[in-house]
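Asks: Right, I'll just put the structure down here and ask away after.
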Amino acid sequence: MTIKLLAIGKTDNKQLQALIDDYQKRLGFYVKFEFEIIPDLKKAKNLSESQQKQKEGELILNKLNATDVLILLDENGKQLDSVAFSNYLQKHMNSGIKRLVFVIGGPYGFSPEVYQKANGKLSLSKMTFSHQMIRLFVIEQLYRGFTILRNEPYHHR
């Protein structure tokens, strides 16, 4: 199985990017992992919130394969602790899917079409974090999940 993380817009903070790169490298020891950035929309200030969600939604949907399992990182999604998240990953690996795709949307969330295509929604917290920080949190939690599945000492219960 491949895990892919899609995110709208680049990370401009070099320290944050260094941490993302570190966890991405670590994660590669456990699973094939892809991280793809969808560039910010040009002239987004001229678009309404719904127009921006619509255009970003089209870009997201264009990155998906027909057989992908799509999980949206959404403030209204299901919250899991790290052990439950590791079990969630294991369940998907056991199901025989080819690619599990997590998506971090733009500043206004997702278009109705993206919600319709989604197979699930997860929330990392009830708190609000910058979209750039969420990338690090997702990749770190993926790494943590695999260390839990392998009974490695990274996660302390």
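In the structure tokens, chains take letters A, B, ... by order of appearance, with residues numbered from 1 within each chain and ligands from 1 in the order shown.
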If we count only C-alpha atoms and set the cut-off at 12 Å, which residues sit around Gly120 (chain A), ignoring sequence neighbours fewer than 6 positions away in its own chain? Please answer as a compact mmCIF listing (two decimals) with N, CA, C and O atoms, in the first residue's frame.
Replies:
# COMPACT_ATOMS: atom_id res chain seq x y z
N ASP A 68 -8.42 4.97 -5.32
CA ASP A 68 -7.89 5.56 -4.09
C ASP A 68 -8.94 5.59 -2.99
O ASP A 68 -10.13 5.80 -3.26
N VAL A 69 -8.49 5.40 -1.77
CA VAL A 69 -9.33 5.62 -0.60
C VAL A 69 -8.97 7.02 -0.10
O VAL A 69 -7.83 7.29 0.27
N LEU A 70 -9.95 7.91 -0.12
CA LEU A 70 -9.74 9.33 0.17
C LEU A 70 -10.19 9.67 1.59
O LEU A 70 -11.36 9.48 1.94
N ILE A 71 -9.25 10.17 2.39
CA ILE A 71 -9.54 10.59 3.76
C ILE A 71 -9.25 12.08 3.87
O ILE A 71 -8.13 12.53 3.61
N LEU A 72 -10.25 12.85 4.25
CA LEU A 72 -10.10 14.29 4.39
C LEU A 72 -9.69 14.63 5.82
O LEU A 72 -10.25 14.09 6.78
N LEU A 73 -8.72 15.50 5.97
CA LEU A 73 -8.36 16.02 7.27
C LEU A 73 -9.24 17.25 7.47
O LEU A 73 -9.06 18.27 6.83
N ASP A 74 -10.23 17.08 8.32
CA ASP A 74 -11.33 18.03 8.43
C ASP A 74 -11.66 18.26 9.90
O ASP A 74 -11.71 17.30 10.68
N ASN A 76 -14.30 18.64 11.34
CA ASN A 76 -15.48 17.91 11.78
C ASN A 76 -15.33 16.40 11.65
O ASN A 76 -16.30 15.66 11.78
N GLY A 77 -14.11 15.95 11.39
CA GLY A 77 -13.87 14.52 11.24
C GLY A 77 -13.79 13.80 12.57
O GLY A 77 -13.82 14.39 13.65
N LYS A 78 -13.65 12.49 12.48
CA LYS A 78 -13.51 11.63 13.66
C LYS A 78 -12.15 11.85 14.30
O LYS A 78 -11.14 11.95 13.59
N GLN A 79 -12.12 11.91 15.61
CA GLN A 79 -10.85 12.05 16.32
C GLN A 79 -10.42 10.70 16.87
O GLN A 79 -11.24 9.97 17.45
N TYR A 88 -6.29 1.98 12.69
CA TYR A 88 -6.96 2.48 11.48
C TYR A 88 -6.08 2.24 10.25
O TYR A 88 -6.55 1.77 9.22
N HIS A 92 -6.70 -0.49 7.01
CA HIS A 92 -6.62 -0.14 5.59
C HIS A 92 -5.58 -1.00 4.87
O HIS A 92 -5.80 -1.41 3.73
N LEU A 100 -3.87 4.93 -0.08
CA LEU A 100 -4.64 5.66 0.92
C LEU A 100 -4.20 7.11 0.83
O LEU A 100 -3.01 7.41 0.99
N VAL A 101 -5.13 8.01 0.52
CA VAL A 101 -4.80 9.42 0.29
C VAL A 101 -5.43 10.29 1.37
O VAL A 101 -6.65 10.28 1.55
N PHE A 102 -4.57 11.01 2.09
CA PHE A 102 -5.01 12.00 3.07
C PHE A 102 -4.89 13.37 2.41
O PHE A 102 -3.91 13.63 1.72
N VAL A 103 -5.88 14.23 2.63
CA VAL A 103 -5.86 15.55 2.00
C VAL A 103 -6.04 16.64 3.04
O VAL A 103 -6.96 16.59 3.86
N VAL A 114 -15.61 17.19 -3.33
CA VAL A 114 -14.54 16.48 -2.61
C VAL A 114 -15.16 15.73 -1.44
O VAL A 114 -14.83 14.56 -1.19
Asks: Would you mind listing what lies within 12 Å of Asp12 (chain A) as a list in words, with only C-alpha atoms counted and same-chain residues fewer than 5 positions away left out?
Replies: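 Result of the neighbour search: Gln17, Ala18, Ile20, Ser130, His131, Gln132 and Met133 of chain A.
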Asks: I need the residues in region 77-154 of chain A that are helix (DSSP H, G or I) according to DSSP; give them as a PyMOL selection string.
Replies: chain A and resi 82-94+112-117+131-149
Asks: Write a file of the selected residues as a JSON list (two decimals), in the first residue's frame, keeping C-alpha atoms.
Replies:
[["chain", "number", "residue", "atom", "x", "y", "z"],
["A", 82, "SER", "CA", -2.44, 7.51, 18.28],
["A", 83, "VAL", "CA", -3.08, 3.83, 19.06],
["A", 84, "ALA", "CA", -6.52, 3.93, 17.43],
["A", 85, "PHE", "CA", -4.95, 5.69, 14.43],
["A", 86, "SER", "CA", -2.35, 2.92, 14.12],
["A", 87, "ASN", "CA", -5.19, 0.37, 14.12],
["A", 88, "TYR", "CA", -6.96, 2.48, 11.48],
["A", 89, "LEU", "CA", -3.84, 2.28, 9.30],
["A", 90, "GLN", "CA", -3.57, -1.47, 9.85],
["A", 91, "LYS", "CA", -7.22, -1.97, 8.87],
["A", 92, "HIS", "CA", -6.62, -0.14, 5.59],
["A", 93, "MET", "CA", -3.44, -2.12, 4.89],
["A", 94, "ASN", "CA", -5.30, -5.38, 5.56],
["A", 112, "PRO", "CA", -19.03, 19.56, -1.95],
["A", 113, "GLU", "CA", -17.61, 17.34, -4.71],
["A", 114, "VAL", "CA", -14.54, 16.48, -2.61],
["A", 115, "TYR", "CA", -16.74, 15.68, 0.40],
["A", 116, "GLN", "CA", -18.88, 13.48, -1.83],
["A", 117, "LYS", "CA", -15.84, 11.54, -3.12],
["A", 131, "HIS", "CA", -2.20, 24.26, 7.34],
["A", 132, "GLN", "CA", 1.60, 24.19, 7.27],
["A", 133, "MET", "CA", 1.81, 22.73, 10.79],
["A", 134, "ILE", "CA", -0.86, 20.13, 10.05],
["A", 135, "ARG", "CA", 1.46, 18.63, 7.41],
["A", 136, "LEU", "CA", 4.07, 17.94, 10.06],
["A", 137, "PHE", "CA", 1.47, 16.59, 12.50],
["A", 138, "VAL", "CA", 0.00, 14.19, 9.93],
["A", 139, "ILE", "CA", 3.38, 12.84, 8.83],
["A", 140, "GLU", "CA", 4.53, 12.49, 12.44],
["A", 141, "GLN", "CA", 1.32, 10.64, 13.36],
["A", 142, "LEU", "CA", 1.75, 8.31, 10.37],
["A", 143, "TYR", "CA", 5.29, 7.58, 11.54],
["A", 144, "ARG", "CA", 4.09, 7.11, 15.13],
["A", 145, "GLY", "CA", 1.34, 4.79, 13.92],
["A", 146, "PHE", "CA", 3.82, 2.51, 12.18],
["A", 147, "THR", "CA", 6.14, 2.44, 15.20],
["A", 148, "ILE", "CA", 3.16, 1.42, 17.34],
["A", 149, "LEU", "CA", 2.28, -1.37, 14.90]]
Asks: If you count only C-alpha atoms, which residues fall within 9 Å of region 36-49 of chain A, apart from same-chain ones fewer than 3 positions away, as a PyMOL selection string?
Replies: chain A and resi 4-10+52-56+59-60+106-108
Asks: Output the selection as a compact mmCIF listing (two decimals), in the first residue's frame - C-alpha atoms for each residue.
Replies:
# COMPACT_ATOMS: atom_id res chain seq x y z
CA LYS A 4 -0.17 9.83 -0.11
CA LEU A 5 -0.57 13.22 1.52
CA LEU A 6 -1.97 16.01 -0.64
CA ALA A 7 -1.83 19.60 0.57
CA ILE A 8 -2.74 22.97 -0.90
CA GLY A 9 0.11 25.52 -0.95
CA LYS A 10 3.80 25.35 -0.13
CA GLN A 52 -11.83 29.05 -4.14
CA LYS A 53 -13.13 25.78 -2.63
CA GLN A 54 -14.49 24.77 -6.05
CA LYS A 55 -11.20 25.39 -7.88
CA GLU A 56 -9.13 23.72 -5.17
CA LEU A 59 -7.28 20.27 -8.41
CA ILE A 60 -7.61 17.71 -5.60
CA GLY A 106 -7.22 25.08 1.58
CA PRO A 107 -8.15 27.79 4.10
CA TYR A 108 -11.91 27.32 3.59
Asks: In terms of the shortest atom-to-atom distance over only C-alpha atoms, which of A:Lys126, A:Phe35, A:Ser50, A:Gly28 is closest to Lys63 (chain A)?
Replies: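 Nearest to Lys63 (chain A): A:Phe35.
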Asks: Enter the distance from CA of Ile3 (chain A) to CA of Arg99 (chain A), in Å, rounded to one decimal.
Replies: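 For CA of Ile3 (chain A) relative to CA of Arg99 (chain A), the distance reads 5.7 Å.
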Asks: Please return as a PyMOL selection string: the residues of region 95-157 of chain A that backbone DSSP assigns to strand (DSSP E or B).
Replies: chain A and resi 99-104+106+109+120-123
Asks: Using only N, CA and C atoms, please write the residues we just selected to a file, as a PDB file, in the first residue's frame.
Replies:
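Output saved as out25.pdb:
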ATOM      1  N   ARG A  99      -3.844   2.550  -2.601  1.00  0.00           N
ATOM      2  CA  ARG A  99      -3.379   3.855  -2.163  1.00  0.00           C
ATOM      3  C   ARG A  99      -4.392   4.501  -1.222  1.00  0.00           C
ATOM      4  N   LEU A 100      -3.872   4.933  -0.080  1.00  0.00           N
ATOM      5  CA  LEU A 100      -4.644   5.664   0.921  1.00  0.00           C
ATOM      6  C   LEU A 100      -4.195   7.113   0.826  1.00  0.00           C
ATOM      7  N   VAL A 101      -5.132   8.015   0.519  1.00  0.00           N
ATOM      8  CA  VAL A 101      -4.798   9.416   0.288  1.00  0.00           C
ATOM      9  C   VAL A 101      -5.426  10.289   1.370  1.00  0.00           C
ATOM     10  N   PHE A 102      -4.568  11.010   2.092  1.00  0.00           N
ATOM     11  CA  PHE A 102      -5.013  11.999   3.067  1.00  0.00           C
ATOM     12  C   PHE A 102      -4.892  13.368   2.406  1.00  0.00           C
ATOM     13  N   VAL A 103      -5.878  14.234   2.626  1.00  0.00           N
ATOM     14  CA  VAL A 103      -5.856  15.549   1.996  1.00  0.00           C
ATOM     15  C   VAL A 103      -6.041  16.644   3.040  1.00  0.00           C
ATOM     16  N   ILE A 104      -5.138  17.626   2.959  1.00  0.00           N
ATOM     17  CA  ILE A 104      -5.259  18.859   3.739  1.00  0.00           C
ATOM     18  C   ILE A 104      -5.769  19.909   2.757  1.00  0.00           C
ATOM     19  N   GLY A 106      -7.603  23.674   1.514  1.00  0.00           N
ATOM     20  CA  GLY A 106      -7.224  25.076   1.577  1.00  0.00           C
ATOM     21  C   GLY A 106      -7.817  25.743   2.809  1.00  0.00           C
ATOM     22  N   GLY A 109     -11.572  24.915   3.551  1.00  0.00           N
ATOM     23  CA  GLY A 109     -12.044  23.538   3.554  1.00  0.00           C
ATOM     24  C   GLY A 109     -12.184  22.976   2.157  1.00  0.00           C
ATOM     25  N   GLY A 120     -13.862   9.049   4.095  1.00  0.00           N
ATOM     26  CA  GLY A 120     -13.843   9.303   5.525  1.00  0.00           C
ATOM     27  C   GLY A 120     -13.248  10.660   5.836  1.00  0.00           C
ATOM     28  N   LYS A 121     -13.446  11.083   7.090  1.00  0.00           N
ATOM     29  CA  LYS A 121     -12.890  12.359   7.557  1.00  0.00           C
ATOM     30  C   LYS A 121     -12.253  12.124   8.914  1.00  0.00           C
ATOM     31  N   LEU A 122     -11.061  12.683   9.096  1.00  0.00           N
ATOM     32  CA  LEU A 122     -10.380  12.632  10.380  1.00  0.00           C
ATOM     33  C   LEU A 122     -10.069  14.050  10.837  1.00  0.00           C
ATOM     34  N   SER A 123     -10.133  14.260  12.129  1.00  0.00           N
ATOM     35  CA  SER A 123      -9.733  15.525  12.729  1.00  0.00           C
ATOM     36  C   SER A 123      -8.552  15.257  13.645  1.00  0.00           C
TER      37      SER A 123
END
